[in-house]
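Below is one structure, written out as structure tokens; comments come after it.
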Amino acid sequence: MTNEVLECIKKRRSIRKFMPEQIKDEELNVILEAGAWAPSGGNNQTWLFTAIQNRNILRQLNKLVKEASLEWEPDDNYPGKFRNKARAQNDNYDFYFDAPTLVILSNMPDYQNAMADCALAVENMFLAAASLGIGSCYINTLRWLRDIASVREFLFEKVGLERDQVICMAASFGYAGHKPEPPMRKKDTIRIIR
């Protein structure tokens with residue numbers, strides 16, 4: 001069985017190399033609206049999607065993230081956190097992979113469903129982007145560094161993130177600079193009990 005939605009799910013890839021060309025306004029609007037149509041706990045829709053397309057702000061944020069990553073100590077053994085610290089030592093490191101658009105997904109700090117709701121929204125955004133021929137990538141870095149004062153103040157002062165929001169995740173969007181092959185699916189990850 002196949003249809004357009006299933007085909008889109010299977011063709012979507014995490015893109016880590018983007019073309020410098022900015023996505024069109026109507027494409028960004030479609031992506032953000034797809035996020036707003038995601039399910040949320042109790043249909044609360046408490047998320048906030050903040051899209052950054054200003055190259056100067058993105059460069060400044062990347063510089064702060066690199067500096068903060070070098071000082072930050074991971075709080076668990078997730079391998080991506082250690083890769084992030086190592087990459088931050090590279091002068092060419094860009095935590096959002098030089099994408100022309102970065103979307104920060106935030107939510108209320110004491111809301112139990114904050115992460116789940118934003119995760120559902122970002123997947124809708126990824127599928128909408130893929131359907132438009134736009135690449136995307138999930139970005140954990142801002143969530144890991146969200147309590148570091150320099151990063152947090154920059155997001156409040158320069159980006160306009162609301163102070164009553166907590167960062168759940170971010171996502172890069174842009175035209176893909178490469179087409180990765182589909183990774184193999186792991187076996188034994190599905191179980192049906194009848």
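Chain labels A, B, ... are given in the sequence in which chains occur in the structure tokens; within each chain residues are numbered consecutively from 1, and ligands are likewise numbered from 1 in the order shown.
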
* Skip Arg146 (chain A) itself and residues of its chain fewer than 6 positions away, then list as an MDAnalysis selection string all residues within 12 Å of it, counting only C-alpha atoms. => chainID A and resid 64:65 68:69 72 104:106 109 140 152:156 161 163 165:170

* Asked: Using the chain letters and numbers from this document, which residues of region 46-163 of chain A does DSSP assign to helix (DSSP H, G or I), as an NGL selection string?
  -> :A and (55-71 or 79-87 or 114-131 or 141-144 or 149-159)

* Near-Ala88 (chain A) list (9 Å; only C-alpha atoms; drop same-chain fewer than 4 positions) as a PyMOL selection string -> chain A and resi 65-70+83-84+92-95

* To do: Grab the CA of Lys179 (chain A) to CA of Ile15 (chain A) distance for me, in Å with one decimal place.
  => 7.7 Å

* To do: Run DSSP on the backbone and grab whatever in region 126-161 of chain A lands in strand (DSSP E); send it over as a ChimeraX atom specification.
  => /A:135-139

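Atom pair CA of Leu6 (chain A) / CA of Thr141 (chain A): separated by 29.2 Å.
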
* Skipping near chain neighbours, those fewer than 5 positions away, what residues fall within 9 Å of Ala38 (chain A) using only C-alpha atoms, listed as a list in words? -> Gln45, Asp117, Cys118, Leu120, Ala121, Val122, Glu123, Asn124 and Met125 of chain A

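Residue nearest Asp98 (chain A) within the list A:Met19, A:Ala149, A:Leu132, A:Ile57: A:Met19 [criterion: smallest interatomic distance, only C-alpha atoms].
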
* To do: For CA of Ala114 (chain A) and CA of Cys8 (chain A), quote the distance in Å rounded to one decimal.
  =>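 Between CA of Ala114 (chain A) and CA of Cys8 (chain A) the gap works out to 26.0 Å.
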
* Just the residues within 10 Å of region 134-138 of chain A, please, counting only C-alpha atoms, with nothing from its chain fewer than 2 positions along; format it as an NGL selection string. => :A and (12-19 or 23 or 27-28 or 31 or 96-97 or 99 or 101-103 or 119 or 122-123 or 125-132 or 140-141 or 169-179)

C-alpha atoms of the current selection, written as a PDB file, in the first residue's frame:
ATOM      1  CA  ARG A  12      12.450  12.772   3.944  1.00  0.00           C
ATOM      2  CA  ARG A  13      16.095  12.899   5.061  1.00  0.00           C
ATOM      3  CA  SER A  14      18.061  14.885   7.611  1.00  0.00           C
ATOM      4  CA  ILE A  15      20.051  17.380   5.568  1.00  0.00           C
ATOM      5  CA  ARG A  16      23.352  18.647   6.944  1.00  0.00           C
ATOM      6  CA  LYS A  17      24.502  20.658   3.932  1.00  0.00           C
ATOM      7  CA  PHE A  18      22.331  23.425   2.515  1.00  0.00           C
ATOM      8  CA  MET A  19      22.411  25.741  -0.465  1.00  0.00           C
ATOM      9  CA  ILE A  23      13.510  29.536   0.927  1.00  0.00           C
ATOM     10  CA  GLU A  27       7.250  27.951   1.532  1.00  0.00           C
ATOM     11  CA  LEU A  28       8.164  29.091   5.050  1.00  0.00           C
ATOM     12  CA  ILE A  31       6.023  24.799   6.817  1.00  0.00           C
ATOM     13  CA  TYR A  96      22.521  24.612  12.174  1.00  0.00           C
ATOM     14  CA  PHE A  97      24.584  23.419   9.146  1.00  0.00           C
ATOM     15  CA  ALA A  99      20.849  26.545   6.641  1.00  0.00           C
ATOM     16  CA  THR A 101      16.338  29.338   7.973  1.00  0.00           C
ATOM     17  CA  LEU A 102      16.376  28.193  11.591  1.00  0.00           C
ATOM     18  CA  VAL A 103      13.104  27.605  13.435  1.00  0.00           C
ATOM     19  CA  ALA A 119       8.114  17.107  18.486  1.00  0.00           C
ATOM     20  CA  VAL A 122       8.396  19.695  14.002  1.00  0.00           C
ATOM     21  CA  GLU A 123       7.631  16.375  12.295  1.00  0.00           C
ATOM     22  CA  MET A 125       7.127  20.791   9.467  1.00  0.00           C
ATOM     23  CA  PHE A 126       9.655  18.246   8.188  1.00  0.00           C
ATOM     24  CA  LEU A 127       7.050  16.433   6.112  1.00  0.00           C
ATOM     25  CA  ALA A 128       5.669  19.695   4.707  1.00  0.00           C
ATOM     26  CA  ALA A 129       9.216  20.772   3.805  1.00  0.00           C
ATOM     27  CA  ALA A 130       9.961  17.434   2.127  1.00  0.00           C
ATOM     28  CA  SER A 131       6.755  17.705   0.103  1.00  0.00           C
ATOM     29  CA  LEU A 132       7.976  21.110  -1.169  1.00  0.00           C
ATOM     30  CA  ASN A 140      19.199  19.595  19.681  1.00  0.00           C
ATOM     31  CA  THR A 141      21.952  22.099  20.481  1.00  0.00           C
ATOM     32  CA  MET A 169      14.223  22.062  19.924  1.00  0.00           C
ATOM     33  CA  ALA A 170      15.208  23.792  16.718  1.00  0.00           C
ATOM     34  CA  ALA A 171      15.149  22.827  13.058  1.00  0.00           C
ATOM     35  CA  SER A 172      17.126  23.892  10.004  1.00  0.00           C
ATOM     36  CA  PHE A 173      15.387  24.445   6.673  1.00  0.00           C
ATOM     37  CA  GLY A 174      16.732  25.171   3.208  1.00  0.00           C
ATOM     38  CA  TYR A 175      17.336  23.726  -0.224  1.00  0.00           C
ATOM     39  CA  ALA A 176      19.444  20.585   0.110  1.00  0.00           C
ATOM     40  CA  GLY A 177      23.099  20.787  -0.867  1.00  0.00           C
ATOM     41  CA  HIS A 178      23.288  16.980  -1.042  1.00  0.00           C
ATOM     42  CA  LYS A 179      20.934  14.007  -1.293  1.00  0.00           C
TER      43      LYS A 179
END

* Asked: From the list A:Gln22, A:Asn62, A:Thr189, A:Asn3, which residue is nearest Asp91 (chain A) when using only C-alpha atoms?
  -> A:Asn62
